[in-house]
Structures are given as structure tokens and as C-alpha cells.
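The structure appears below as C-alpha cells.
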Amino acid sequence: MKKLYVISGSSGVGKGTVIKEFLKKHPDFRLSVSCTTRGKRDGEVEGVNYYYLTNDEFDSCIENNEFLEWAEFSGNRYGTKKEIVENCLKNGENLILEIDTKGALNVKSIMPDSALIFIAPPSLEELESRLRGRHTETEEAIQKRLASIKLEIQNSEKFDYKIVNDTVENAVRKLEEIILNG
Ligand code: 5GP
């Protein structure tokens, strides 16, 4: 693997869009597909957005030591398979992980050469309105996600880079600067 980039950001910050735009311009980068116990959202596809596992399936991946890292986020579990990172290592590919800040700090402790990038919202008010605008979560889920933001911002102080997502174009340009110029 050339390099591992770990990108985190609060829910609704638009990190998925930023990463998607980056990948369109740089198809030689791979995006890791994580496992999750959360339900599939409308429009999501098995094997593209996530591998959707039952709690039992997730437990057995943990028991079999198949995860590089995993974390609980907002009442669901999410994990990165070791296999994905090992395959990229073998094939000399650059890999991007889109995971939460706890997972990112775990990856950094296992793979200190990885680069941690945090995508921050322009403001908390803006973030809350984006989260509500998605109409994908219940009010309870939104409240849980808002509560986790504080911790995410605290964790991000240990990250290597921070990008404020004011507009998608600006954020993609900053991401390119970091990834392509180091
Ligand atoms: P969502 O449910 O919105 O798709 O994701 C919720 C959070 O879980 C996001 O912060 C996302 O980056 C994170 N996440 C997704 N996959 C993984 C993973 O494999 N490991 C960890 N630690 N977090 C993940």
C-alpha cells in the first residue's frame, strides 16, 4: 500500500460527498467498505456502502479477529476488515477509510504512518440543519448523533489535518492538497 488515509467527520458534515468527488477525480484511490450492524438506508447498496451484518455475525468477526478496528457509534457497531487493508498493501494501492474518530485514533496507534484527516462543519447550527435535512434518521437518532459531535471534535484535536467543509469544491481542493502534496 502506498498510504492509508483515514477520514472522519461528524454525521451530516458532508464527508461522503467530499470523498465521492475526490474519488471521481482520482479513481486510483480505493475506498474501504466497512461492516455495520445498522439498518440499510434507502438507496444504500450491500457491498457498496456497507456490508450489513447481524449482531451475531458482527460478534463472530470480532471473535475471529477479522477487524483492524471496530467501534460503537450511536448504538450501532461499525468495523474495518483487516483483509481490505492487507489486500491494498499487497497491491500497492492508496486506501481511504471513512470511519469515526475513535476508530481513526485506533488505526493511528496500529499504523502510525497513516494520515488522519478531520472534516469539520462550518458551524454546529449548520451541521444540525444538514442532519435534519437528510430526513434519514428519527428525532431520537438525530439527538444521539448531535451528542456524539462534542466527543468527535475533542478527538479531532489529535488528527494530522483539518478541513472545514464550507463548500464541497473547497473541501475537495483541500483534500487534494493534503493527499497529493503531503
Ligand atoms: P453512518 O451510520 O452515518 O453511515 O456512519 C456513522 C459513523 O460511523 C460515521 O462517523 C462513519 O464514519 C463511521 N464508520 C463507518 N464505518 C466505520 C468503521 O468501519 N469503523 C469505525 N470506527 N467507524 C465507522
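Numbering starts fresh at 1 for the residues of each chain in the C-alpha cells, the chains themselves are lettered A, B, ... in the order given, and ligands are numbered from 1 as they appear.
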Can you work out which residues are within 10 Å of ligand 1, considering only C-alpha atoms and all ligand atoms, and then hand them over as a PyMOL selection string?
chain A and resi 6-13+15-16+32-41+44+49-51+67-81+97-107+131+136-137+145+148-149+152
Spatial neighbours of A:Asp160, max dist 8 Å, only C-alpha atoms, sep filter under 2 positions, as an mmCIF file with N, CA and C atoms, in the first residue's frame:
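Saved result, selection.cif, follows:
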```cif
data_model
loop_
_atom_site.group_PDB
_atom_site.id
_atom_site.type_symbol
_atom_site.label_atom_id
_atom_site.label_comp_id
_atom_site.auth_asym_id
_atom_site.auth_seq_id
_atom_site.Cartn_x
_atom_site.Cartn_y
_atom_site.Cartn_z
ATOM 1 N N ALA A 115 -2.441 8.810 7.696
ATOM 2 C CA ALA A 115 -2.727 10.242 7.883
ATOM 3 C C ALA A 115 -4.186 10.399 8.295
ATOM 4 N N LEU A 116 -4.406 11.092 9.404
ATOM 5 C CA LEU A 116 -5.784 11.304 9.888
ATOM 6 C C LEU A 116 -6.273 12.689 9.464
ATOM 7 N N ILE A 117 -7.420 12.707 8.801
ATOM 8 C CA ILE A 117 -7.984 13.965 8.279
ATOM 9 C C ILE A 117 -9.388 14.138 8.848
ATOM 10 N N LYS A 158 -6.366 15.494 17.943
ATOM 11 C CA LYS A 158 -5.171 14.660 17.751
ATOM 12 C C LYS A 158 -4.952 14.298 16.278
ATOM 13 N N LYS A 162 -7.064 19.155 9.323
ATOM 14 C CA LYS A 162 -8.475 19.505 9.486
ATOM 15 C C LYS A 162 -8.936 20.293 8.264
#
```
I need the residues of stretch 19-181 of chain A that end up classed as strand (DSSP E or B) by DSSP on the backbone, written out as a VMD selection string.
chain A and resid 29 to 31 34 to 36 46 50 to 52 67 to 73 76 to 81 94 to 98 115 to 120 161 to 164
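Coordinates place atom CA of A:Lys25 at a distance of 17.7 Å from atom CA of A:Lys3.
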